[in-house]
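A quick write-up on the structure given underneath.
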Amino acid sequence: MNPSTALARVLVDELIRCGLAEAVVAPGSRSTPLALALVAHPDVRVHVRIDERSASFLALGLARVSRRPVAVVCTSGTAAANFHPAVLEAGESGVPLLVLTADRPPELRGTGANQTVDQIGLYGGAVRMFAEVGTPDPVPGMAAYWRSLVCRAWGSAVGGRPGPVHLNVAFRDPLTPDAGTEPWPEPLEGREGGRPWISRPGPVVEPAPFTLPAVERGVIVCGDGDYDPVPFLALAELTGWPLLAEPTSNARRVGAVSTYRQLLASPRLVSGPSPELVVSVGRPNLSRQTLAFLRRAGRHVVVSSGTVGDPAASLPNSFSDPARTATDVVAAVAPPAGLDFDSPQRTDWSRTWERAESAARTALDAVLDGEETLSEPRLARDLVSHLSAGSLLFAGSSMPIRDLDATMRARCGVRLVGNRGVSGIDGTVSTAVGAALAHQSGAGGQAYALLGDLAVLHDQNGLVIGPGEARPDLAVVVVNNDGGGIFSGLEQAGHPDFERVFGTPHGISMERVAAVADLPYTRLEWATDLPKALLGEGLRVIEVCTRRTDSAALRRRLQAAVDVAVDEAL
């Protein structure tokens with residue numbers, strides 16, 4: 001067995017012993033040993049993509065939804081650089097990603113050799129661990145080194161705060177397994193019984209909860225993140241404190257305030273008493289209103305959430321505090337002492353929020369239902385309402401996630417995810433495809449994505465899936481407003497050069513994009529036709545065409561209607 005084949009087979013075998021079940025490969029020559037070792041192993045599902053950026057975001061989507069590390073493999077050179085946006089997203093959002101970049105051996109670096117760049121520490125501080133694996137030499141001790149390194153990398157990806165790790169793997173020729181038959185000087189097999197080289201046994205120790213102070217004006221804010229929302233919903237029910245939940249917190253269930261985005265901008269509510277206490281979890285950074293509200297709090301307790309199912313995985317520095325208002329950082333919280341669990345608290349504060357939510361919800365729905373044409377805010381609201389239990393919804397950054405935040409009713413049974421770590425436009429389609437594949441491989445139901453036109457154009461390659469590759473059952477719902485809709489609601493909208501520099505119109509129909517990928521396409525105009533349009537199987541594109549100026553005006557009308565309703569209710 002030649003050294004490159006030996007290294008690749010040992011790395012892959014040890015990764016699978018650790019728990020690897022999915023891998024994404026972008027084609028290339030220098031990564032041949034890893035690609036062949038992966039496709040030859042029966043215990044890993046391999047996905048192949050022609051575009052490294054698409055491949056890395058596909059792996060990100062698979063890992064985000066499955067909550068398990070996914071490997072992504074590329075050849076040397078600019079291929080590795082194209083992984084960088086996905087690595088940044090994984091690092092900020094805590095998604096375990098195993099980045100395996102093939103490289104030239106040291107003797108070819110810095111010599112002008114083709115397809116060679118400096119890949120050492122390429123991703124900087126975005127990764128939890130980096131290792132230069134080194135060249136594979138047929139000497140005793142290599143197998144133990146390779147296997148222990150894989151276990152260390154796996155532990156870095158899943159331990160504490162999950163995230164990406166980077167192994168830079170140098171391969172010398174020959175790169176194919178049928179070249180070179182010299183015997184290896186030691187056994188290459190791993191531990192008996194399929195065990196990993198290094199195991200980490202031990203029970204999970206529940207952290208001691210922090211007992212919250214007894215206050216009337218408390219608020220619970222659930223931001224983006226992969227944590228269990230049930231304890232916070234229970235805390236809200238017991239204390240009467242309003243729960244403000246961003247869509248990707250998956251805490252916007254019965255009892256949550258669904259119109260908090262407008263309420264926090266309502267002069268009547270904002271001018272009232274400030275919260276004595278805010279308890280936050282996840283990343284509450286979707287709206288300026290929330291950040292302003294956090295700054296008004298007398299005390300801000302931040303729950304540093306760990307991985308799902310492992311509350312002991314919280315780290316003292318893995319918490320979100322964008323408004324710089326945190327006064328306490330804890331691993332878990334307990335209700336104030338002395339509360340009667342059989343008699344939930346109801347105070348003037350809680351009743352004020354209940355009346356405001358009821359009035360705002362009624363006013364908001366009345367405006368949205370006033371026209372049958374499908375607007376962007378109404379599409380977001382109705383899409384979530386129509387999804388069956390067990391569905392997955394991937395929300396694009398920019399306006400899709402904000403429209404969901406502004407209009408989505410409280411409901412259970414739908415899992416919402418998005419690339420909220422960096423909130424970039426990169427790889428949105430590919431991440432949604434990966435999320436759908438992972439959701440459905442875990443016996444999940446239908447999958448949907450709500451994306452903007454620029455995000456789809458930015459990642460058209462995500463729709464290109466080769467024959468023989470696993471294909472998701474995913475409806476990609478695209479809001480096409482011919483440009484960057486989010487800027488129409490920002491300060492830039494009044495600039496003379498706005499349309500060219502920020503609006504960035506493109507004039508491209510999503511029908512043409514779907515045709516390039518040979519996908520079914522539907523054009524949707526009327527709200528009543530949405531349930532029918534969502535029917536179907538496989539990967540498909542549904543387009544809703546809107547006007548950016550109309551959407552911006554509608555959002556202002558929604559806020560004005562809520563302001564009036566809240567004034568009357570309070």
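Every chain in the structure tokens has a letter given in the order shown (A, B, ...), and although residue numbers restart at 1 in each chain, ligands are simply numbered from 1 in the order shown.
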- Task: Within range 26-239 of chain A, find each residue whose DSSP state, derived from the backbone, is helix (DSSP H, G or I), and express the selection as an MDAnalysis selection string.
- Result: chainID A and resid 32:40 52:66 78:81 84:93 106:108 124:126 142:158 192:194 230:239
- Can you tell me, as a ChimeraX atom specification, what residues are no more than 7 Å from Phe171 in chain A when counting only C-alpha atoms, ignoring any on the same chain fewer than 6 positions away? /A:4,30,102-105,135
Could you pull the residues within 12 Å of range 547-555 of chain A, counting only C-alpha atoms, minus those fewer than 4 positions along the same chain, as a short mmCIF file (atom, residue, chain, number, x, y, z; two decimals) with N, CA and C atoms, in the first residue's frame?
```cif
data_model
loop_
_atom_site.label_atom_id
_atom_site.label_comp_id
_atom_site.auth_asym_id
_atom_site.auth_seq_id
_atom_site.Cartn_x
_atom_site.Cartn_y
_atom_site.Cartn_z
N ARG A 261 -41.63 42.18 17.58
CA ARG A 261 -40.84 43.09 16.74
C ARG A 261 -41.53 44.44 16.60
N GLN A 262 -42.86 44.42 16.36
CA GLN A 262 -43.60 45.68 16.26
C GLN A 262 -43.84 46.30 17.64
N LEU A 364 -52.22 43.31 12.83
CA LEU A 364 -51.27 42.86 11.81
C LEU A 364 -51.93 41.93 10.80
N VAL A 367 -54.29 43.74 8.32
CA VAL A 367 -53.61 44.42 7.21
C VAL A 367 -53.13 43.39 6.17
N LEU A 368 -52.55 42.31 6.62
CA LEU A 368 -52.03 41.30 5.69
C LEU A 368 -53.15 40.64 4.90
N ASP A 369 -54.29 40.44 5.54
CA ASP A 369 -55.40 39.77 4.86
C ASP A 369 -56.21 40.73 3.98
N GLY A 370 -55.84 42.02 3.98
CA GLY A 370 -56.62 43.01 3.23
C GLY A 370 -56.48 42.89 1.74
N GLU A 371 -55.42 42.23 1.27
CA GLU A 371 -55.22 42.06 -0.16
C GLU A 371 -54.93 40.60 -0.46
N THR A 373 -53.30 39.62 -3.19
CA THR A 373 -51.98 39.50 -3.80
C THR A 373 -50.98 39.11 -2.72
N LEU A 374 -50.07 38.23 -3.06
CA LEU A 374 -49.16 37.68 -2.06
C LEU A 374 -47.99 38.64 -1.85
N SER A 375 -48.00 39.33 -0.73
CA SER A 375 -46.91 40.22 -0.37
C SER A 375 -45.81 39.44 0.34
N GLU A 376 -44.66 40.06 0.51
CA GLU A 376 -43.55 39.39 1.18
C GLU A 376 -43.88 39.07 2.65
N PRO A 377 -44.40 40.01 3.44
CA PRO A 377 -44.75 39.67 4.82
C PRO A 377 -45.83 38.60 4.91
N ARG A 378 -46.83 38.67 4.03
CA ARG A 378 -47.90 37.66 4.09
C ARG A 378 -47.38 36.29 3.67
N LEU A 379 -46.50 36.25 2.69
CA LEU A 379 -45.92 34.97 2.29
C LEU A 379 -45.21 34.32 3.46
N MET A 399 -34.18 39.82 4.24
CA MET A 399 -35.59 40.03 4.53
C MET A 399 -36.39 38.78 4.84
N PRO A 400 -36.12 37.59 4.27
CA PRO A 400 -36.94 36.43 4.62
C PRO A 400 -37.00 36.15 6.13
N ARG A 402 -36.40 38.23 8.52
CA ARG A 402 -37.03 39.36 9.21
C ARG A 402 -38.54 39.39 9.00
N ASP A 403 -38.99 39.01 7.82
CA ASP A 403 -40.44 38.92 7.61
C ASP A 403 -41.04 37.80 8.44
N ALA A 406 -41.33 39.14 11.87
CA ALA A 406 -42.36 40.17 12.02
C ALA A 406 -43.78 39.62 11.94
N THR A 407 -44.00 38.51 11.25
CA THR A 407 -45.38 38.09 10.97
C THR A 407 -45.73 36.68 11.41
N GLY A 452 -34.38 34.94 -0.79
CA GLY A 452 -34.48 36.08 -1.67
C GLY A 452 -33.82 35.81 -3.00
N ASP A 453 -34.15 36.65 -3.99
CA ASP A 453 -33.63 36.42 -5.33
C ASP A 453 -32.12 36.56 -5.41
N VAL A 479 -38.53 34.83 -3.13
CA VAL A 479 -39.12 36.17 -3.27
C VAL A 479 -38.24 36.94 -4.23
N ASN A 480 -38.78 37.24 -5.39
CA ASN A 480 -38.02 37.96 -6.41
C ASN A 480 -38.53 39.40 -6.51
N ASN A 481 -37.80 40.31 -5.86
CA ASN A 481 -38.14 41.73 -5.97
C ASN A 481 -37.09 42.49 -6.78
N ASP A 482 -36.37 41.72 -7.60
CA ASP A 482 -35.42 42.30 -8.55
C ASP A 482 -34.37 43.15 -7.84
N GLY A 483 -33.77 42.56 -6.79
CA GLY A 483 -32.68 43.27 -6.15
C GLY A 483 -32.64 43.07 -4.65
N GLY A 484 -31.94 43.96 -3.97
CA GLY A 484 -31.72 43.85 -2.53
C GLY A 484 -32.80 44.55 -1.74
N GLY A 485 -33.82 43.82 -1.36
CA GLY A 485 -34.98 44.41 -0.71
C GLY A 485 -34.70 45.01 0.65
N ILE A 486 -33.73 44.49 1.38
CA ILE A 486 -33.51 44.97 2.74
C ILE A 486 -33.08 46.43 2.76
N PHE A 487 -32.39 46.87 1.71
CA PHE A 487 -31.88 48.24 1.71
C PHE A 487 -33.00 49.27 1.54
N SER A 488 -34.16 48.83 1.02
CA SER A 488 -35.26 49.76 0.83
C SER A 488 -35.83 50.26 2.15
N GLY A 489 -35.52 49.56 3.24
CA GLY A 489 -36.00 49.99 4.55
C GLY A 489 -34.92 50.63 5.40
N LEU A 490 -33.73 50.86 4.81
CA LEU A 490 -32.62 51.44 5.56
C LEU A 490 -32.33 52.86 5.09
N ALA A 493 -31.82 54.22 1.37
CA ALA A 493 -32.90 54.29 0.38
C ALA A 493 -33.08 55.67 -0.22
N GLY A 494 -32.65 56.71 0.44
CA GLY A 494 -32.85 58.05 -0.08
C GLY A 494 -31.70 58.57 -0.92
N GLU A 499 -30.47 52.94 -6.41
CA GLU A 499 -30.94 51.80 -7.20
C GLU A 499 -29.77 51.01 -7.78
N PHE A 502 -27.24 49.90 -4.34
CA PHE A 502 -27.83 49.08 -3.29
C PHE A 502 -28.99 48.21 -3.80
N GLY A 503 -29.84 48.80 -4.63
CA GLY A 503 -30.96 48.02 -5.16
C GLY A 503 -30.49 46.88 -6.05
N THR A 504 -29.43 47.10 -6.82
CA THR A 504 -28.81 46.09 -7.69
C THR A 504 -29.83 45.25 -8.46
N PRO A 505 -30.64 45.87 -9.31
CA PRO A 505 -31.60 45.09 -10.11
C PRO A 505 -30.86 44.19 -11.10
N GLN A 559 -46.55 48.47 10.94
CA GLN A 559 -46.13 49.08 12.20
C GLN A 559 -47.13 50.13 12.65
N ALA A 560 -47.62 50.94 11.70
CA ALA A 560 -48.59 51.98 12.06
C ALA A 560 -49.88 51.37 12.60
N ALA A 561 -50.34 50.28 12.01
CA ALA A 561 -51.56 49.63 12.48
C ALA A 561 -51.37 49.07 13.88
N VAL A 562 -50.22 48.50 14.14
CA VAL A 562 -49.94 47.97 15.47
C VAL A 562 -49.87 49.11 16.48
#
```
At a cut-off of 8 Å, using only C-alpha atoms, what residues contact Val476 in chain A? Leave out same-chain residues fewer than 6 positions from it and give the result as a PDB file with all heavy atoms, in the first residue's frame.
```pdb
ATOM      1  N   TYR A 448     -38.613  22.962   3.282  1.00  0.00           N
ATOM      2  CA  TYR A 448     -38.891  24.159   2.501  1.00  0.00           C
ATOM      3  C   TYR A 448     -37.784  25.180   2.784  1.00  0.00           C
ATOM      4  O   TYR A 448     -37.150  25.152   3.833  1.00  0.00           O
ATOM      5  CB  TYR A 448     -40.253  24.758   2.881  1.00  0.00           C
ATOM      6  CG  TYR A 448     -41.396  23.777   2.761  1.00  0.00           C
ATOM      7  CD1 TYR A 448     -41.693  22.902   3.805  1.00  0.00           C
ATOM      8  CD2 TYR A 448     -42.152  23.703   1.600  1.00  0.00           C
ATOM      9  CE1 TYR A 448     -42.721  21.974   3.695  1.00  0.00           C
ATOM     10  CE2 TYR A 448     -43.186  22.789   1.483  1.00  0.00           C
ATOM     11  CZ  TYR A 448     -43.465  21.921   2.533  1.00  0.00           C
ATOM     12  OH  TYR A 448     -44.479  21.001   2.407  1.00  0.00           O
ATOM     13  N   ALA A 449     -37.584  26.085   1.837  1.00  0.00           N
ATOM     14  CA  ALA A 449     -36.660  27.191   2.028  1.00  0.00           C
ATOM     15  C   ALA A 449     -37.334  28.468   1.565  1.00  0.00           C
ATOM     16  O   ALA A 449     -38.010  28.483   0.533  1.00  0.00           O
ATOM     17  CB  ALA A 449     -35.373  26.968   1.244  1.00  0.00           C
ATOM     18  N   LEU A 450     -37.187  29.533   2.334  1.00  0.00           N
ATOM     19  CA  LEU A 450     -37.696  30.853   1.960  1.00  0.00           C
ATOM     20  C   LEU A 450     -36.489  31.749   1.740  1.00  0.00           C
ATOM     21  O   LEU A 450     -35.779  32.104   2.695  1.00  0.00           O
ATOM     22  CB  LEU A 450     -38.602  31.420   3.058  1.00  0.00           C
ATOM     23  CG  LEU A 450     -39.189  32.811   2.793  1.00  0.00           C
ATOM     24  CD1 LEU A 450     -40.056  32.814   1.537  1.00  0.00           C
ATOM     25  CD2 LEU A 450     -39.986  33.300   4.002  1.00  0.00           C
ATOM     26  N   LEU A 451     -36.233  32.089   0.475  1.00  0.00           N
ATOM     27  CA  LEU A 451     -35.014  32.793   0.108  1.00  0.00           C
ATOM     28  C   LEU A 451     -35.342  34.026  -0.738  1.00  0.00           C
ATOM     29  O   LEU A 451     -36.399  34.113  -1.350  1.00  0.00           O
ATOM     30  CB  LEU A 451     -34.078  31.881  -0.698  1.00  0.00           C
ATOM     31  CG  LEU A 451     -33.755  30.506  -0.116  1.00  0.00           C
ATOM     32  CD1 LEU A 451     -32.860  29.735  -1.073  1.00  0.00           C
ATOM     33  CD2 LEU A 451     -33.104  30.638   1.255  1.00  0.00           C
ATOM     34  N   LEU A 539     -36.717  18.389  -5.568  1.00  0.00           N
ATOM     35  CA  LEU A 539     -36.219  19.761  -5.547  1.00  0.00           C
ATOM     36  C   LEU A 539     -36.971  20.576  -6.598  1.00  0.00           C
ATOM     37  O   LEU A 539     -37.030  20.205  -7.770  1.00  0.00           O
ATOM     38  CB  LEU A 539     -34.714  19.755  -5.836  1.00  0.00           C
ATOM     39  CG  LEU A 539     -33.978  21.091  -5.752  1.00  0.00           C
ATOM     40  CD1 LEU A 539     -34.122  21.713  -4.374  1.00  0.00           C
ATOM     41  CD2 LEU A 539     -32.505  20.893  -6.100  1.00  0.00           C
ATOM     42  N   ARG A 540     -37.556  21.701  -6.180  1.00  0.00           N
ATOM     43  CA  ARG A 540     -38.388  22.486  -7.074  1.00  0.00           C
ATOM     44  C   ARG A 540     -38.333  23.954  -6.658  1.00  0.00           C
ATOM     45  O   ARG A 540     -37.980  24.261  -5.503  1.00  0.00           O
ATOM     46  CB  ARG A 540     -39.830  21.976  -7.063  1.00  0.00           C
ATOM     47  CG  ARG A 540     -40.463  21.912  -5.675  1.00  0.00           C
ATOM     48  CD  ARG A 540     -41.559  20.867  -5.602  1.00  0.00           C
ATOM     49  NE  ARG A 540     -42.317  20.913  -4.349  1.00  0.00           N
ATOM     50  CZ  ARG A 540     -41.932  20.296  -3.237  1.00  0.00           C
ATOM     51  NH1 ARG A 540     -40.814  19.584  -3.200  1.00  0.00           N
ATOM     52  NH2 ARG A 540     -42.691  20.380  -2.146  1.00  0.00           N
ATOM     53  N   VAL A 541     -38.683  24.837  -7.573  1.00  0.00           N
ATOM     54  CA  VAL A 541     -38.584  26.272  -7.347  1.00  0.00           C
ATOM     55  C   VAL A 541     -39.964  26.902  -7.473  1.00  0.00           C
ATOM     56  O   VAL A 541     -40.691  26.654  -8.445  1.00  0.00           O
ATOM     57  CB  VAL A 541     -37.616  26.924  -8.358  1.00  0.00           C
ATOM     58  CG1 VAL A 541     -37.614  28.445  -8.193  1.00  0.00           C
ATOM     59  CG2 VAL A 541     -36.203  26.370  -8.185  1.00  0.00           C
ATOM     60  N   ILE A 542     -40.323  27.719  -6.476  1.00  0.00           N
ATOM     61  CA  ILE A 542     -41.575  28.472  -6.481  1.00  0.00           C
ATOM     62  C   ILE A 542     -41.206  29.952  -6.386  1.00  0.00           C
ATOM     63  O   ILE A 542     -40.531  30.366  -5.446  1.00  0.00           O
ATOM     64  CB  ILE A 542     -42.480  28.069  -5.304  1.00  0.00           C
ATOM     65  CG1 ILE A 542     -42.787  26.568  -5.351  1.00  0.00           C
ATOM     66  CG2 ILE A 542     -43.759  28.893  -5.292  1.00  0.00           C
ATOM     67  CD1 ILE A 542     -43.438  26.049  -4.088  1.00  0.00           C
TER      68      ILE A 542
END
```
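Restricting the calculation to only C-alpha atoms, the smallest distance between Glu525 in chain A and any of A:Gly507, A:Val544, A:Pro207, A:Val329 is found for A:Val544.
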- Message: DSSP on the backbone: which residues in range 119-333 of chain A end up as strand (DSSP E)? Give the answer as JSON, numbers by chain.
- Response: {"A": [129, 130, 131, 132, 164, 165, 166, 167, 168, 169, 170, 210, 211, 218, 219, 220, 221, 222, 243, 244, 245, 277, 278, 279, 280, 281, 300, 301, 302, 303, 328, 329, 330, 333]}
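Distance-wise, CA of Thr211 in chain A and CA of Ala236 in chain A end up 14.4 Å apart.
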- Item | Contact residues around Pro136 in chain A with only C-alpha atoms at 8 Å, ignoring same-chain residues under 3 positions, as a ChimeraX atom specification | /A:3-4,6-7,142,170-171
